[in-house]
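Engineer: Got a structure for you, written out below as structure tokens; questions coming shortly.
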Amino acid sequence: MKVYSDLTPSPGNSAVALGSFDGLHIGHKKVISSAVSGKEQGLVPTVLTFAQNPLTDLGGSAGGEIITREQKIDLLKDFGVEQLYILRFSAIKDLSSEEFVEQILMKVCHAKKVCCGFNFTFGCGGRGTSQTLSQICEERGIETQVAGAVLFDGEPVSSTRIRGLIANGDVDEAAQLLGRPYGYRSEVQHGRRIGHKLGTPTVNQAIPTDFVLPLFGVYASKVYFEGREYCGVTNVGVNPTVGVTCALAETWLPDYHGEDFYGKMIRVDLVKFLRPEVKFDGLSELREAILKDGEQAREYLEKNGCSCK
């Protein structure tokens, strides 16, 4: 997949999916699939999106990221996208609706087909809508497909809704809206080695600082390392029993007995919330709780078809 961070002209005619795609959830995938189907017409499946949520790029807050740039690129490639424009919103925000279509979609993307969601806005001040896009493109001979809302439990799927679920610990429901588990990939840090003393050594990671922060507590998790998938139990929070005061994710892999992970980049997916974070009376009580959490995590993952070891 070709990835552009500037306005490099497309080498061929394209079918373009438009959106911030900040979560790449099942609603976003519906829009992107329409662009990917353009390959049957000889068009290059293309996505035009932003390096940051437009609200963040303008100095505001979108409520936290759900995926990293690297995750977004990998997922779009898996979806069948062959060309990706990741632009700064500030670089195009002042274009009128007509200028956006003519200067970006036509001159840069060489778009013959344009796809967006029903609530898509564009152009200076966000005054252009999906209806505006359809009208402008039709006048210029460009096909437009507008995807309707994707519903889950009768309500539209949205990144805002998913952020709320993650913040409430409902990561299993968030996964249904995302089409995959919520997770992060970050470097393993040195900790206080309390887990080693307890016989339950943990993988200590900082959740990316710009991510939406999950509800503090203990989760059944999946851990990915060197092509293998492991059962994990992850504590997200400040670990009050041992006096840690900053938010941290600490994951114990009950069935892993290999080398230390220090300095390595490890992916962890949070699959199911097990219990809130608790301050125990001592380390022995903490160890009993960790072992019980590990049993619960393994049982949940096995019942839900996980091939973890």
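Ligands are numbered from 1 in the order shown, chains are lettered A, B, ... in the order of the structure tokens, and residues start at 1 in each chain.
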Write out as JSON, numbers by chain the residues lying within 7 Å of A:Gly179, counting only C-alpha atoms and excluding same-chain residues fewer than 3 positions away.
Structural biologist: {"A": [25, 26, 175, 176]}
Engineer: Go ahead and write the selection's residues with N, CA and C atoms as a PDB file, in the first residue's frame.
Structural biologist:
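Written output follows (result-v8.pdb):
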ATOM      1  N   HIS A  25     -14.024   1.649  12.860  1.00  0.00           N
ATOM      2  CA  HIS A  25     -15.042   0.719  13.348  1.00  0.00           C
ATOM      3  C   HIS A  25     -15.855   0.154  12.184  1.00  0.00           C
ATOM      4  N   ILE A  26     -16.871  -0.645  12.494  1.00  0.00           N
ATOM      5  CA  ILE A  26     -17.618  -1.342  11.453  1.00  0.00           C
ATOM      6  C   ILE A  26     -18.382  -0.373  10.548  1.00  0.00           C
ATOM      7  N   ALA A 175     -15.601  -4.050  21.328  1.00  0.00           N
ATOM      8  CA  ALA A 175     -15.017  -4.904  20.294  1.00  0.00           C
ATOM      9  C   ALA A 175     -16.032  -5.231  19.202  1.00  0.00           C
ATOM     10  N   GLN A 176     -17.300  -5.377  19.579  1.00  0.00           N
ATOM     11  CA  GLN A 176     -18.326  -5.678  18.580  1.00  0.00           C
ATOM     12  C   GLN A 176     -18.540  -4.491  17.648  1.00  0.00           C
TER      13      GLN A 176
END
Engineer: Give me, as number ranges by chain, all polymer residues having an atom no more than 10 Å from A:Asn168, counting only C-alpha atoms and skipping those fewer than 2 positions away in the same chain.
Structural biologist: A: 162-166, 170-171, 213-216, 273
Engineer: Taking only C-alpha atoms into account, which of A:Phe89, A:Ile136, A:Lys39, A:Gly19 comes nearest A:Cys124?
Structural biologist: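 Closest to A:Cys124 of all the choices is A:Phe89.
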Engineer: So, counting only C-alpha atoms, which residue among A:Ala149, A:Gln103, A:Pro11, A:Ser5 is closest to A:Arg88?
Structural biologist: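 Using only C-alpha atoms, A:Arg88 sits closest to A:Ser5.
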Engineer: Find the distance between atom CA of A:Gln71 and atom CA of A:Phe100 and write it in Å to one decimal.
Structural biologist: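 Distance between the two atoms: 27.2 Å.
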Engineer: Hey, what's within 12 Å of A:Lys93 if we count only C-alpha atoms and toss same-chain stuff fewer than 4 positions away? As a list in words, please?
Structural biologist: Phe50, Pro54, Leu55, Asp57, Leu58, Leu87, Arg88, Phe89, Ser97, Glu99, Phe100, Ile104, Thr121, Phe122, Gly123, Cys124, Gly125, Gly126, Arg127 and Gly128 of chain A
Engineer: Would you save the residues of that selection, restricted to N, CA and C atoms, as a PDB file, in the first residue's frame?
Structural biologist:
ATOM      1  N   PHE A  50      -7.016  11.725   7.958  1.00  0.00           N
ATOM      2  CA  PHE A  50      -6.203  12.731   8.636  1.00  0.00           C
ATOM      3  C   PHE A  50      -5.249  12.111   9.644  1.00  0.00           C
ATOM      4  N   PRO A  54      -9.716  15.839  13.339  1.00  0.00           N
ATOM      5  CA  PRO A  54      -9.772  17.275  13.054  1.00  0.00           C
ATOM      6  C   PRO A  54      -9.933  18.151  14.297  1.00  0.00           C
ATOM      7  N   LEU A  55     -10.685  17.695  15.287  1.00  0.00           N
ATOM      8  CA  LEU A  55     -10.840  18.487  16.512  1.00  0.00           C
ATOM      9  C   LEU A  55      -9.496  18.665  17.221  1.00  0.00           C
ATOM     10  N   ASP A  57      -6.503  18.481  15.793  1.00  0.00           N
ATOM     11  CA  ASP A  57      -5.631  19.281  14.932  1.00  0.00           C
ATOM     12  C   ASP A  57      -5.928  20.767  15.069  1.00  0.00           C
ATOM     13  N   LEU A  58      -7.146  21.092  15.477  1.00  0.00           N
ATOM     14  CA  LEU A  58      -7.525  22.494  15.656  1.00  0.00           C
ATOM     15  C   LEU A  58      -7.343  22.967  17.097  1.00  0.00           C
ATOM     16  N   LEU A  87      -3.394  13.190   5.773  1.00  0.00           N
ATOM     17  CA  LEU A  87      -3.086  14.614   5.697  1.00  0.00           C
ATOM     18  C   LEU A  87      -3.330  15.313   7.030  1.00  0.00           C
ATOM     19  N   ARG A  88      -2.713  16.449   7.189  1.00  0.00           N
ATOM     20  CA  ARG A  88      -3.059  17.329   8.306  1.00  0.00           C
ATOM     21  C   ARG A  88      -4.334  18.075   7.934  1.00  0.00           C
ATOM     22  N   PHE A  89      -5.299  18.050   8.822  1.00  0.00           N
ATOM     23  CA  PHE A  89      -6.575  18.710   8.543  1.00  0.00           C
ATOM     24  C   PHE A  89      -6.368  20.193   8.263  1.00  0.00           C
ATOM     25  N   SER A  97     -16.040  23.857  -0.492  1.00  0.00           N
ATOM     26  CA  SER A  97     -16.477  22.527  -0.914  1.00  0.00           C
ATOM     27  C   SER A  97     -16.078  22.251  -2.358  1.00  0.00           C
ATOM     28  N   GLU A  99     -13.649  23.743  -4.066  1.00  0.00           N
ATOM     29  CA  GLU A  99     -12.189  23.673  -4.165  1.00  0.00           C
ATOM     30  C   GLU A  99     -11.677  22.317  -3.692  1.00  0.00           C
ATOM     31  N   PHE A 100     -12.294  21.779  -2.650  1.00  0.00           N
ATOM     32  CA  PHE A 100     -11.870  20.472  -2.153  1.00  0.00           C
ATOM     33  C   PHE A 100     -12.065  19.409  -3.228  1.00  0.00           C
ATOM     34  N   ILE A 104      -8.424  18.628  -4.614  1.00  0.00           N
ATOM     35  CA  ILE A 104      -7.974  17.430  -3.897  1.00  0.00           C
ATOM     36  C   ILE A 104      -8.477  16.156  -4.573  1.00  0.00           C
ATOM     37  N   THR A 121     -18.936  15.694   6.678  1.00  0.00           N
ATOM     38  CA  THR A 121     -18.894  17.130   6.398  1.00  0.00           C
ATOM     39  C   THR A 121     -17.510  17.488   5.883  1.00  0.00           C
ATOM     40  N   PHE A 122     -17.435  18.524   5.088  1.00  0.00           N
ATOM     41  CA  PHE A 122     -16.157  18.927   4.503  1.00  0.00           C
ATOM     42  C   PHE A 122     -16.245  20.380   4.063  1.00  0.00           C
ATOM     43  N   GLY A 123     -15.117  20.909   3.583  1.00  0.00           N
ATOM     44  CA  GLY A 123     -15.085  22.295   3.137  1.00  0.00           C
ATOM     45  C   GLY A 123     -14.945  23.265   4.299  1.00  0.00           C
ATOM     46  N   CYS A 124     -14.649  24.495   3.988  1.00  0.00           N
ATOM     47  CA  CYS A 124     -14.417  25.524   4.998  1.00  0.00           C
ATOM     48  C   CYS A 124     -15.575  25.609   5.984  1.00  0.00           C
ATOM     49  N   GLY A 125     -15.252  25.484   7.275  1.00  0.00           N
ATOM     50  CA  GLY A 125     -16.272  25.537   8.309  1.00  0.00           C
ATOM     51  C   GLY A 125     -17.148  24.302   8.362  1.00  0.00           C
ATOM     52  N   GLY A 126     -16.805  23.267   7.605  1.00  0.00           N
ATOM     53  CA  GLY A 126     -17.623  22.056   7.598  1.00  0.00           C
ATOM     54  C   GLY A 126     -18.995  22.265   7.024  1.00  0.00           C
ATOM     55  N   ARG A 127     -19.103  23.244   6.108  1.00  0.00           N
ATOM     56  CA  ARG A 127     -20.428  23.586   5.587  1.00  0.00           C
ATOM     57  C   ARG A 127     -20.919  22.593   4.531  1.00  0.00           C
ATOM     58  N   GLY A 128     -19.999  21.835   3.935  1.00  0.00           N
ATOM     59  CA  GLY A 128     -20.415  20.843   2.947  1.00  0.00           C
ATOM     60  C   GLY A 128     -20.879  19.564   3.617  1.00  0.00           C
TER      61      GLY A 128
END
Engineer: Leaving out A:Leu253 and any residue of its chain fewer than 2 positions from it, which residues lie within 10 Å of it when counting only C-alpha atoms, given as a PyMOL selection string?
Structural biologist: chain A and resi 200-203+221-223+230-234+251+255-257+294+298+309
Engineer: Please produce an output containing C-alpha atoms for each residue in the selection, written as a PDB file, in the first residue's frame.
Structural biologist:
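Contents of the output file again-v9.pdb:
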ATOM      1  CA  THR A 200       3.599 -13.716  38.763  1.00  0.00           C
ATOM      2  CA  PRO A 201       6.000 -11.544  36.694  1.00  0.00           C
ATOM      3  CA  THR A 202       4.205  -8.862  34.723  1.00  0.00           C
ATOM      4  CA  VAL A 203       4.691  -7.038  31.449  1.00  0.00           C
ATOM      5  CA  SER A 221      -6.436 -10.007  27.734  1.00  0.00           C
ATOM      6  CA  LYS A 222      -4.680 -11.431  24.703  1.00  0.00           C
ATOM      7  CA  VAL A 223      -0.973 -10.805  24.312  1.00  0.00           C
ATOM      8  CA  TYR A 230      -0.964 -15.768  24.844  1.00  0.00           C
ATOM      9  CA  CYS A 231      -3.588 -15.641  27.562  1.00  0.00           C
ATOM     10  CA  GLY A 232      -3.111 -12.610  29.779  1.00  0.00           C
ATOM     11  CA  VAL A 233      -4.618 -10.890  32.780  1.00  0.00           C
ATOM     12  CA  THR A 234      -4.072  -7.138  32.747  1.00  0.00           C
ATOM     13  CA  THR A 251      -0.052  -7.935  32.340  1.00  0.00           C
ATOM     14  CA  ASP A 255       1.368 -19.791  30.496  1.00  0.00           C
ATOM     15  CA  TYR A 256       4.494 -17.931  29.362  1.00  0.00           C
ATOM     16  CA  HIS A 257       7.865 -18.970  30.776  1.00  0.00           C
ATOM     17  CA  GLY A 294      -5.519 -15.673  35.827  1.00  0.00           C
ATOM     18  CA  ARG A 298      -8.058 -18.320  30.912  1.00  0.00           C
ATOM     19  CA  LYS A 309      -1.315 -20.690  25.124  1.00  0.00           C
TER      20      LYS A 309
END
Engineer: Would you kindly return, as an MDAnalysis selection string, each protein, DNA or RNA residue with an atom no farther than 10 Å from any atom of A:Arg267, considering only C-alpha atoms and excluding same-chain residues fewer than 3 positions away?
Structural biologist: chainID A and resid 183:188 205 222:225 229 264
Engineer: Leaving out A:Asn304 and any residue of its chain fewer than 4 positions from it, which residues lie within 12 Å of it when counting only C-alpha atoms, given as a CSV table (one decimal) with N, CA and C atoms, in the first residue's frame?
Structural biologist:
chain,number,residue,atom,x,y,z
A,172,ASP,N,-15.7,-5.6,25.8
A,172,ASP,CA,-16.2,-6.7,25.0
A,172,ASP,C,-17.3,-6.1,24.0
A,220,ALA,N,-9.3,-9.7,31.3
A,220,ALA,CA,-8.8,-10.8,30.6
A,220,ALA,C,-8.3,-10.2,29.3
A,222,LYS,N,-5.5,-10.6,25.6
A,222,LYS,CA,-4.7,-11.4,24.7
A,222,LYS,C,-3.4,-10.7,24.5
A,271,VAL,N,-9.9,-7.8,26.5
A,271,VAL,CA,-11.0,-8.6,26.0
A,271,VAL,C,-12.3,-8.5,26.9
A,272,LYS,N,-12.1,-8.6,28.2
A,272,LYS,CA,-13.2,-8.7,29.1
A,272,LYS,C,-12.8,-8.1,30.5
A,297,ALA,N,-9.5,-15.4,33.6
A,297,ALA,CA,-9.1,-14.9,32.3
A,297,ALA,C,-9.0,-16.1,31.3
A,298,ARG,N,-8.2,-17.2,31.8
A,298,ARG,CA,-8.1,-18.3,30.9
A,298,ARG,C,-9.4,-19.0,30.6
A,299,GLU,N,-10.3,-19.1,31.6
A,299,GLU,CA,-11.6,-19.7,31.4
A,299,GLU,C,-12.4,-18.9,30.4
A,300,TYR,N,-12.4,-17.6,30.6
A,300,TYR,CA,-13.2,-16.8,29.7
A,300,TYR,C,-12.7,-16.9,28.2
A,308,CYS,N,-5.2,-19.0,22.7
A,308,CYS,CA,-4.1,-18.6,23.5
A,308,CYS,C,-3.4,-19.8,24.2
Engineer: Taking only C-alpha atoms into account, which of A:Glu98, A:Glu65, A:Glu250, A:Glu295 comes nearest A:Asn235?
Structural biologist: A:Glu250
Engineer: Which neighbours of stretch 138-142 of chain A fall inside 7 Å, counting only C-alpha atoms, when residues of the same chain fewer than 2 positions from it are skipped, and could you give them as a PDB file with C-alpha atoms, in the first residue's frame?
Structural biologist:
ATOM      1  CA  LYS A 112     -13.801   8.696 -10.434  1.00  0.00           C
ATOM      2  CA  LYS A 113     -15.738   7.372  -7.455  1.00  0.00           C
ATOM      3  CA  SER A 134     -22.972  14.196  -4.251  1.00  0.00           C
ATOM      4  CA  GLN A 135     -24.201  17.284  -6.072  1.00  0.00           C
ATOM      5  CA  ILE A 136     -20.745  18.723  -6.801  1.00  0.00           C
ATOM      6  CA  THR A 144     -20.751   9.123  -5.307  1.00  0.00           C
TER       7      THR A 144
END
Engineer: Which residue, A:Thr129, A:Cys137, A:Ile32, A:Pro208, has the smallest gap to A:Met106 when you use only C-alpha atoms?
Structural biologist: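 Looking only at the distances to A:Met106, the closest residue turns out to be A:Cys137.
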Engineer: When DSSP is applied to the backbone of this structure, which of stretch 39-197 of chain A are assigned alpha helix (DSSP H)? Write them out as a PyMOL selection string.
Structural biologist: chain A and resi 54-57+69-79+97-99+130-139+159-167+171-178+194-197
Engineer: Output N, CA and C atoms of each residue in that selection to a file, as a CSV table (one decimal), in the first residue's frame.
Structural biologist:
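This is the output file selection_13.csv:
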chain,number,residue,atom,x,y,z
A,54,PRO,N,-9.7,15.8,13.3
A,54,PRO,CA,-9.8,17.3,13.1
A,54,PRO,C,-9.9,18.2,14.3
A,55,LEU,N,-10.7,17.7,15.3
A,55,LEU,CA,-10.8,18.5,16.5
A,55,LEU,C,-9.5,18.7,17.2
A,56,THR,N,-8.7,17.6,17.3
A,56,THR,CA,-7.4,17.7,17.9
A,56,THR,C,-6.5,18.6,17.1
A,57,ASP,N,-6.5,18.5,15.8
A,57,ASP,CA,-5.6,19.3,14.9
A,57,ASP,C,-5.9,20.8,15.1
A,69,ARG,N,-1.5,5.4,14.5
A,69,ARG,CA,-1.3,5.6,13.1
A,69,ARG,C,-0.9,4.2,12.5
A,70,GLU,N,0.0,3.5,13.2
A,70,GLU,CA,0.5,2.2,12.7
A,70,GLU,C,-0.6,1.2,12.6
A,71,GLN,N,-1.5,1.2,13.6
A,71,GLN,CA,-2.6,0.3,13.5
A,71,GLN,C,-3.6,0.6,12.4
A,72,LYS,N,-3.8,1.9,12.2
A,72,LYS,CA,-4.7,2.4,11.1
A,72,LYS,C,-4.1,1.9,9.7
A,73,ILE,N,-2.9,2.1,9.5
A,73,ILE,CA,-2.3,1.7,8.3
A,73,ILE,C,-2.4,0.2,8.0
A,74,ASP,N,-2.1,-0.6,9.1
A,74,ASP,CA,-2.1,-2.0,8.9
A,74,ASP,C,-3.5,-2.5,8.6
A,75,LEU,N,-4.5,-1.9,9.3
A,75,LEU,CA,-5.9,-2.3,9.2
A,75,LEU,C,-6.4,-2.0,7.8
A,76,LEU,N,-6.1,-0.8,7.3
A,76,LEU,CA,-6.5,-0.4,6.0
A,76,LEU,C,-5.9,-1.3,4.9
A,77,LYS,N,-4.7,-1.7,5.1
A,77,LYS,CA,-4.1,-2.6,4.1
A,77,LYS,C,-4.9,-3.9,4.1
A,78,ASP,N,-5.2,-4.4,5.3
A,78,ASP,CA,-6.0,-5.6,5.4
A,78,ASP,C,-7.4,-5.5,4.8
A,79,PHE,N,-7.9,-4.3,4.8
A,79,PHE,CA,-9.3,-4.0,4.2
A,79,PHE,C,-9.2,-4.1,2.7
A,97,SER,N,-16.0,23.9,-0.5
A,97,SER,CA,-16.5,22.5,-0.9
A,97,SER,C,-16.1,22.3,-2.4
A,98,GLU,N,-16.3,23.3,-3.2
A,98,GLU,CA,-15.9,23.1,-4.6
A,98,GLU,C,-14.4,23.0,-4.8
A,99,GLU,N,-13.6,23.7,-4.1
A,99,GLU,CA,-12.2,23.7,-4.2
A,99,GLU,C,-11.7,22.3,-3.7
A,130,SER,N,-22.8,15.4,2.9
A,130,SER,CA,-22.7,14.3,2.0
A,130,SER,C,-23.6,14.6,0.7
A,131,GLN,N,-24.7,15.4,1.0
A,131,GLN,CA,-25.5,15.8,-0.1
A,131,GLN,C,-24.8,16.8,-1.0
A,132,THR,N,-24.1,17.7,-0.4
A,132,THR,CA,-23.3,18.7,-1.2
A,132,THR,C,-22.3,18.0,-2.0
A,133,LEU,N,-21.6,17.0,-1.4
A,133,LEU,CA,-20.6,16.3,-2.1
A,133,LEU,C,-21.2,15.5,-3.3
A,134,SER,N,-22.3,14.9,-3.1
A,134,SER,CA,-23.0,14.2,-4.3
A,134,SER,C,-23.3,15.1,-5.4
A,135,GLN,N,-23.8,16.3,-5.0
A,135,GLN,CA,-24.2,17.3,-6.1
A,135,GLN,C,-23.0,17.8,-6.9
A,136,ILE,N,-21.9,18.2,-6.1
A,136,ILE,CA,-20.7,18.7,-6.8
A,136,ILE,C,-20.1,17.7,-7.7
A,137,CYS,N,-20.0,16.4,-7.2
A,137,CYS,CA,-19.4,15.3,-7.9
A,137,CYS,C,-20.2,15.0,-9.1
A,138,GLU,N,-21.5,14.9,-9.0
A,138,GLU,CA,-22.4,14.6,-10.1
A,138,GLU,C,-22.1,15.6,-11.3
A,139,GLU,N,-22.0,16.9,-10.9
A,139,GLU,CA,-21.8,17.9,-12.0
A,139,GLU,C,-20.5,17.7,-12.7
A,159,SER,N,-17.5,6.5,16.9
A,159,SER,CA,-16.2,6.5,17.7
A,159,SER,C,-16.5,7.1,19.1
A,160,THR,N,-17.4,8.1,19.2
A,160,THR,CA,-17.8,8.6,20.5
A,160,THR,C,-18.4,7.6,21.4
A,161,ARG,N,-19.3,6.8,20.8
A,161,ARG,CA,-19.9,5.7,21.6
A,161,ARG,C,-18.9,4.7,22.0
A,162,ILE,N,-18.0,4.3,21.1
A,162,ILE,CA,-16.9,3.3,21.5
A,162,ILE,C,-16.0,3.9,22.6
A,163,ARG,N,-15.7,5.1,22.5
A,163,ARG,CA,-14.9,5.7,23.6
A,163,ARG,C,-15.6,5.6,25.0
A,164,GLY,N,-16.9,5.9,25.0
A,164,GLY,CA,-17.6,5.7,26.2
A,164,GLY,C,-17.6,4.3,26.7
A,165,LEU,N,-17.8,3.3,25.9
A,165,LEU,CA,-17.7,2.0,26.3
A,165,LEU,C,-16.4,1.6,26.9
A,166,ILE,N,-15.3,2.0,26.3
A,166,ILE,CA,-14.0,1.7,26.8
A,166,ILE,C,-13.8,2.3,28.1
A,167,ALA,N,-14.2,3.6,28.3
A,167,ALA,CA,-14.0,4.3,29.5
A,167,ALA,C,-14.8,3.7,30.6
A,171,VAL,N,-15.2,-3.3,27.3
A,171,VAL,CA,-14.4,-3.6,26.1
A,171,VAL,C,-14.9,-4.7,25.2
A,172,ASP,N,-15.7,-5.6,25.8
A,172,ASP,CA,-16.2,-6.7,25.0
A,172,ASP,C,-17.3,-6.1,24.0
A,173,GLU,N,-18.1,-5.2,24.5
A,173,GLU,CA,-19.1,-4.5,23.6
A,173,GLU,C,-18.4,-3.6,22.6
A,174,ALA,N,-17.4,-2.9,23.1
A,174,ALA,CA,-16.6,-2.0,22.2
A,174,ALA,C,-16.0,-2.8,21.0
A,175,ALA,N,-15.6,-4.1,21.3
A,175,ALA,CA,-15.0,-4.9,20.3
A,175,ALA,C,-16.0,-5.2,19.2
A,176,GLN,N,-17.3,-5.4,19.6
A,176,GLN,CA,-18.3,-5.7,18.6
A,176,GLN,C,-18.5,-4.5,17.6
A,177,LEU,N,-18.4,-3.3,18.2
A,177,LEU,CA,-18.6,-2.1,17.4
A,177,LEU,C,-17.3,-1.8,16.5
A,178,LEU,N,-16.2,-2.2,17.1
A,178,LEU,CA,-14.9,-2.0,16.3
A,178,LEU,C,-14.7,-3.0,15.3
A,194,ILE,N,7.7,-6.5,41.7
A,194,ILE,CA,6.8,-7.1,42.7
A,194,ILE,C,6.3,-8.4,42.2
A,195,GLY,N,5.9,-8.4,40.9
A,195,GLY,CA,5.4,-9.6,40.3
A,195,GLY,C,6.4,-10.8,40.3
A,196,HIS,N,7.6,-10.5,40.1
A,196,HIS,CA,8.6,-11.5,40.2
A,196,HIS,C,8.7,-12.1,41.6
A,197,LYS,N,8.6,-11.3,42.6
A,197,LYS,CA,8.7,-11.7,44.0
A,197,LYS,C,7.4,-12.6,44.3
Engineer: In Å, with one decimal, what is the gap from atom CA of A:Asp94 to atom CA of A:Leu24?
Structural biologist: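 Straight-line distance from atom CA of A:Asp94 to atom CA of A:Leu24 works out to 25.4 Å.
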